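Peer 1: Once you've had a glance at the structure underneath, I'll fire off some questions.
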Amino acid sequence: MKSTAIAYANIALVKYWGKRDEQLILPYNSSISMTLDELYTTTTVEFSRSYNQYSISINGIETTGVEAEKIIKHLELLKSVSDSYQLAKVVSESNFPKKAGLASSASGFAALTLAASKALGLTLSEKDLSIFARRGSGSASRSIHGGFVKWNKGEKPDGSDSFAVQIAESKHWSDLSMLVTVVSPKEKKVSSRTGMKQTVKTSQLYKAWLETINVDLKNVEKAILEKNFPLLGSTLENNALKMHSTMHTTNPPIIYWEAGSLIIMKEVISLREEGVECYFTMDAGPQVKILCLEKDISKISERINRTGAAQDWFVCRPGERARIIEKHLF
Ligand code: PMV
């Protein structure tokens, strides 16, 4: 059977960084994200008796090696709860650079999970979709949902209570915007998987990260529900800087920032000093994401443009949940 799904990337407002179980992808801390309407992945999966091997194409390129292995492992995991023995063809396209700290694995594994489960004839609940997506990439557990999402870390060793739930739908705060800058579209050298493992093992600041995370989670959830922009922005920025401090103090150090990242971060701080309310966050890559309100987008974009530090950018609002669509990619 053939099925196609679309899933939107999400950017964490309170980050997930560090796994307590590498195999099942179980995090040490809960996280909260916003799903983005302008960054998405579309994936078609077809299981058929006529295929004698898996074939995977991402953004028009036949995928092999570690990346293909991860995807096949994910398809096999979903197959283990179905009665299918068939192999599959997968074609996936994203409208933004992958492996560059722009959450392509989140939208990618959410779309793959939804399309493959449907193609296998499975009807999974939102909870199970989130759990399966998590097994591909932790942040993908959140891209199953739209709007504002919390991935509860869970306590159980089997991961059955580690899944994402929606806190508020996209229209709850529709003028909240995120300007996603592309400082460099190059694929990162250290994957988030390797990066977080090294951090947990060697950063002396990781303990402090875990000690302060619950306050951040509480503040961000409250800020979303009450639409308190200064509380949301200040907590988000501080949370991202804390995560990057744990990365910087890892042995060997992990520095995802480029010179352009710093230029944009400083521009955000200057804009704020001038009374334009905006805050930055960053993930495992050099791209800076600026949280602001719709009314300030043109002013902020103009200023970022003037720095010359961003090659490109996407203006995003809260996006929708992952869904099945009729238009197949092959
Ligand atoms: O799910 P992964 O392995 O791509 O890790 C995501 C890690 C961060 O983007 C840095 C934080 C997050 O919560 O998305």
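Ordering of the structure tokens sets the chain letters (A, B, ...), residue numbers begin anew at 1 in every chain, and ligands are numbered from 1 in the order given.
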Contacts of Ser139 in chain A at 12 Å or less, counting only C-alpha atoms, minus same-chain residues fewer than 4 places along, as an MDAnalysis selection string?
Peer 2: chainID A and resid 8:19 25:27 30:35 101:110 130:135 143:145 149:153 162:164 192:193 283:284
Peer 1: Which neighbours of Leu176 in chain A fall inside 7 Å, counting only C-alpha atoms, when residues of the same chain fewer than 2 positions from it are skipped, and could you give them as a list in words?
Peer 2: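 The contact residues come out as Trp173, Ser174, Cys292, Leu293, Glu294 and Arg317 of chain A.
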Peer 1: Please provide as a PyMOL selection string all residues within 7 Å of range 73-81 of chain A, with the sequence filter that same-chain residues fewer than 4 positions apart are discarded (counting only C-alpha atoms).
Peer 2: chain A and resi 69+116-117+136
Peer 1: Kindly export the residues of the current selection with all heavy atoms, as a PDB file, in the first residue's frame.
Peer 2:
```
ATOM      1  N   GLU A  69      20.286   3.345   6.822  1.00  0.00           N
ATOM      2  CA  GLU A  69      20.127   2.315   7.870  1.00  0.00           C
ATOM      3  C   GLU A  69      19.147   2.771   8.951  1.00  0.00           C
ATOM      4  O   GLU A  69      18.328   1.991   9.434  1.00  0.00           O
ATOM      5  CB  GLU A  69      21.473   2.022   8.540  1.00  0.00           C
ATOM      6  CG  GLU A  69      22.315   1.014   7.774  1.00  0.00           C
ATOM      7  CD  GLU A  69      23.756   1.017   8.255  1.00  0.00           C
ATOM      8  OE1 GLU A  69      24.006   1.318   9.437  1.00  0.00           O
ATOM      9  OE2 GLU A  69      24.644   0.758   7.406  1.00  0.00           O
ATOM     10  N   ALA A 116       4.384   5.618   6.836  1.00  0.00           N
ATOM     11  CA  ALA A 116       4.663   4.173   6.859  1.00  0.00           C
ATOM     12  C   ALA A 116       3.596   3.407   7.638  1.00  0.00           C
ATOM     13  O   ALA A 116       3.177   2.326   7.220  1.00  0.00           O
ATOM     14  CB  ALA A 116       6.042   3.927   7.457  1.00  0.00           C
ATOM     15  N   SER A 117       3.137   3.980   8.758  1.00  0.00           N
ATOM     16  CA  SER A 117       2.131   3.254   9.548  1.00  0.00           C
ATOM     17  C   SER A 117       0.844   3.108   8.739  1.00  0.00           C
ATOM     18  O   SER A 117       0.200   2.054   8.734  1.00  0.00           O
ATOM     19  CB  SER A 117       1.877   3.927  10.899  1.00  0.00           C
ATOM     20  OG  SER A 117       1.375   5.226  10.713  1.00  0.00           O
ATOM     21  N   GLY A 136      12.705   7.307  16.128  1.00  0.00           N
ATOM     22  CA  GLY A 136      13.519   7.720  14.972  1.00  0.00           C
ATOM     23  C   GLY A 136      14.411   8.894  15.357  1.00  0.00           C
ATOM     24  O   GLY A 136      15.606   8.918  15.090  1.00  0.00           O
TER      25      GLY A 136
END
```
Peer 1: Give the strand (DSSP E or B) residues of range 85-324 of chain A, as DSSP finds them on the backbone, and put them as number ranges by chain.
Peer 2: A: 87-94, 148-151, 164-168, 176-182, 278-282, 288-293, 312-316, 318, 323-324
Peer 1: Mind writing the picked residues with C-alpha atoms as a compact mmCIF listing (two decimals), in the first residue's frame?
Peer 2:
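selection-v4.txt written:
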```txt
# COMPACT_ATOMS: atom_id res chain seq x y z
CA LEU A 87 9.97 -4.08 1.58
CA ALA A 88 9.37 -0.45 0.76
CA LYS A 89 10.21 2.49 -1.42
CA VAL A 90 10.50 5.84 0.37
CA VAL A 91 10.64 9.24 -1.28
CA SER A 92 10.98 12.28 0.98
CA GLU A 93 11.29 15.99 0.32
CA SER A 94 11.85 18.90 2.70
CA PHE A 148 2.50 24.21 21.15
CA VAL A 149 3.67 20.83 22.31
CA LYS A 150 5.20 19.23 25.40
CA TRP A 151 7.21 16.01 25.27
CA ALA A 164 4.37 14.40 23.31
CA VAL A 165 1.03 16.08 23.94
CA GLN A 166 -0.41 19.35 22.69
CA ILE A 167 -0.45 22.25 25.19
CA ALA A 168 -2.31 24.69 22.93
CA LEU A 176 3.55 34.64 17.56
CA SER A 177 6.24 34.40 14.91
CA MET A 178 9.61 32.82 14.45
CA LEU A 179 12.13 34.17 12.01
CA VAL A 180 14.32 31.19 11.16
CA THR A 181 17.61 32.45 9.73
CA VAL A 182 19.95 30.29 7.67
CA CYS A 278 12.47 39.79 20.25
CA TYR A 279 14.48 36.86 21.59
CA PHE A 280 16.74 34.22 20.06
CA THR A 281 17.11 30.49 20.33
CA MET A 282 19.52 28.04 18.68
CA VAL A 288 19.53 31.56 14.87
CA LYS A 289 15.77 31.50 15.33
CA ILE A 290 14.20 34.77 16.42
CA LEU A 291 10.95 34.72 18.37
CA CYS A 292 8.88 37.86 17.92
CA LEU A 293 5.38 39.16 17.34
CA ASP A 312 18.23 33.11 3.79
CA TRP A 313 15.33 33.08 6.24
CA PHE A 314 11.85 31.70 6.77
CA VAL A 315 9.08 33.60 8.53
CA CYS A 316 7.06 31.03 10.48
CA PRO A 318 2.52 28.14 14.71
CA ARG A 323 -1.40 14.60 8.44
CA ILE A 324 -2.01 12.20 5.58
```
Peer 1: Taking only range 46-286 of chain A into account, list the residues labelled helix (DSSP H, G or I) by DSSP (computed from the backbone), as a PyMOL selection string.
Peer 2: chain A and resi 65-79+104-119+126-136+138-141+170-173+192-202+206-226+229-248+259-273
Peer 1: Write to file, as a compact mmCIF listing (two decimals), in the first residue's frame, the residues of the selection just made, with C-alpha atoms.
Peer 2:
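Below you can see part24.txt, which holds the result:
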```txt
# COMPACT_ATOMS: atom_id res chain seq x y z
CA GLY A 65 24.93 4.35 4.48
CA VAL A 66 24.07 5.33 8.05
CA GLU A 67 21.16 7.58 7.06
CA ALA A 68 19.48 4.80 5.04
CA GLU A 69 20.13 2.31 7.87
CA LYS A 70 18.34 4.58 10.37
CA ILE A 71 15.31 4.83 8.10
CA ILE A 72 15.21 1.08 7.38
CA LYS A 73 15.50 0.37 11.12
CA HIS A 74 12.51 2.64 11.65
CA LEU A 75 10.45 0.91 8.94
CA GLU A 76 11.35 -2.48 10.44
CA LEU A 77 10.22 -1.26 13.86
CA LEU A 78 6.82 -0.26 12.48
CA LYS A 79 6.61 -3.53 10.52
CA SER A 104 14.74 18.25 9.61
CA SER A 105 14.90 15.00 11.59
CA ALA A 106 11.79 16.09 13.52
CA SER A 107 9.59 16.67 10.48
CA GLY A 108 11.34 13.81 8.64
CA PHE A 109 10.69 11.08 11.19
CA ALA A 110 7.20 12.36 12.00
CA ALA A 111 6.23 12.21 8.30
CA LEU A 112 7.91 8.82 7.88
CA THR A 113 6.14 7.36 10.92
CA LEU A 114 2.73 8.56 9.81
CA ALA A 115 3.12 7.59 6.13
CA ALA A 116 4.66 4.17 6.86
CA SER A 117 2.13 3.25 9.55
CA LYS A 118 -0.72 4.11 7.18
CA ALA A 119 0.94 2.22 4.31
CA GLU A 126 -1.59 10.07 18.52
CA LYS A 127 0.21 8.75 21.58
CA ASP A 128 1.59 5.73 19.70
CA LEU A 129 2.53 7.84 16.67
CA SER A 130 4.50 10.12 18.99
CA ILE A 131 6.20 7.15 20.67
CA PHE A 132 7.18 5.59 17.32
CA ALA A 133 8.37 8.94 15.92
CA ARG A 134 10.48 9.38 19.07
CA ARG A 135 12.33 6.15 18.25
CA GLY A 136 13.52 7.72 14.97
CA GLY A 138 13.55 12.43 19.87
CA SER A 139 12.31 15.79 18.60
CA ALA A 140 10.09 14.00 16.02
CA SER A 141 7.80 12.94 18.89
CA SER A 170 -1.80 26.83 16.62
CA LYS A 171 -4.59 29.42 16.56
CA HIS A 172 -4.22 30.00 20.31
CA TRP A 173 -1.36 32.43 19.55
CA SER A 192 22.84 16.02 17.93
CA ARG A 193 22.94 12.32 18.84
CA THR A 194 26.73 12.33 19.26
CA GLY A 195 26.73 15.84 20.74
CA MET A 196 24.30 15.09 23.54
CA LYS A 197 26.04 11.83 24.40
CA GLN A 198 29.39 13.62 24.79
CA THR A 199 27.74 16.39 26.83
CA VAL A 200 26.10 14.02 29.30
CA LYS A 201 29.40 12.20 29.72
CA THR A 202 31.80 15.11 30.07
CA TYR A 206 25.07 19.18 32.62
CA LYS A 207 23.98 18.71 36.25
CA ALA A 208 23.06 22.41 36.44
CA TRP A 209 21.11 22.06 33.18
CA LEU A 210 18.93 19.36 34.72
CA GLU A 211 18.59 21.25 38.02
CA THR A 212 17.09 24.33 36.35
CA ILE A 213 14.99 22.72 33.63
CA ASN A 214 11.78 22.33 35.62
CA VAL A 215 11.55 26.05 36.32
CA ASP A 216 12.01 26.76 32.59
CA LEU A 217 9.33 24.22 31.66
CA LYS A 218 6.91 25.72 34.17
CA ASN A 219 7.55 29.29 32.97
CA VAL A 220 7.27 28.46 29.28
CA GLU A 221 4.05 26.48 29.72
CA LYS A 222 2.54 29.33 31.80
CA ALA A 223 3.77 31.92 29.26
CA ILE A 224 2.13 30.02 26.39
CA LEU A 225 -1.19 29.58 28.18
CA GLU A 226 -1.27 33.24 29.29
CA PHE A 229 5.54 37.16 25.49
CA PRO A 230 8.33 38.62 27.71
CA LEU A 231 8.21 35.57 30.00
CA LEU A 232 8.27 33.18 27.03
CA GLY A 233 11.07 35.00 25.23
CA SER A 234 13.35 35.56 28.19
CA THR A 235 13.01 31.95 29.35
CA LEU A 236 13.56 30.56 25.83
CA GLU A 237 16.70 32.62 25.25
CA ASN A 238 18.20 31.73 28.61
CA ASN A 239 17.34 28.05 28.10
CA ALA A 240 19.11 27.96 24.72
CA LEU A 241 22.20 29.69 26.13
CA LYS A 242 22.29 27.20 29.00
CA MET A 243 22.12 24.27 26.58
CA HIS A 244 24.92 25.78 24.47
CA SER A 245 26.98 26.33 27.65
CA THR A 246 26.79 22.59 28.33
CA MET A 247 27.91 21.95 24.73
CA HIS A 248 30.80 24.43 24.97
CA ALA A 259 30.60 34.11 13.37
CA GLY A 260 27.28 34.97 11.69
CA SER A 261 25.33 33.36 14.54
CA LEU A 262 26.94 35.70 17.05
CA ILE A 263 26.30 38.74 14.84
CA ILE A 264 22.58 37.87 14.73
CA MET A 265 22.35 37.13 18.45
CA LYS A 266 23.88 40.52 19.22
CA GLU A 267 21.55 42.24 16.76
CA VAL A 268 18.58 40.70 18.59
CA ILE A 269 19.89 42.05 21.89
CA SER A 270 20.38 45.52 20.34
CA LEU A 271 16.87 45.49 18.87
CA ARG A 272 15.50 44.63 22.30
CA GLU A 273 17.46 47.48 23.89
```
Peer 1: Using only C-alpha atoms and all ligand atoms, pick whichever of A:Gly308, A:Pro252, A:Pro185, A:Pro286 has the shortest atom-to-atom distance to ligand 1.
Peer 2: A:Pro286
Peer 1: Hey, which of A:Glu22, A:Asp175, A:Glu274, A:Asp161 ends up closest to ligand 1? Count only C-alpha atoms and all ligand atoms.
Peer 2: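 Closest to ligand 1, using only C-alpha atoms and all ligand atoms: A:Glu22.
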Peer 1: Here is a test: counting only C-alpha atoms and all ligand atoms, which residue of A:Thr4, A:Ser82, A:Gln311, A:Ser137 is nearest to ligand 1?
Peer 2: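 Of the candidates, the smallest distance to ligand 1 is held by A:Ser137.
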Peer 1: Let me make sure I understand: among A:Thr307, A:Ser50, A:Ser191, A:Thr250, which one has the smallest atom-to-atom distance to ligand 1 if we use only C-alpha atoms and all ligand atoms?
Peer 2: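 With only C-alpha atoms and all ligand atoms as the atom set, the closest residue is A:Ser191.
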Peer 1: For Arg142 in chain A, which residue out of A:Leu205, A:Ala322, A:Val45, A:Val276 is the nearest one, using only C-alpha atoms?
Peer 2: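 When distances to Arg142 in chain A are compared using only C-alpha atoms, the smallest one comes from A:Ala322.
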Peer 1: From the set A:Ser184, A:Asn29, A:Asn251, A:Ser84, which residue has the shortest atom-to-atom contact distance to ligand 1, counting only C-alpha atoms and all ligand atoms?
Peer 2: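 Checking each candidate against ligand 1, we get A:Asn29 as the closest.
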Peer 1: CA of Leu124 in chain A and CA of Ile325 in chain A are how many Å apart?
Peer 2: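 Spanning CA of Leu124 in chain A to CA of Ile325 in chain A is a straight-line distance of 16.5 Å.
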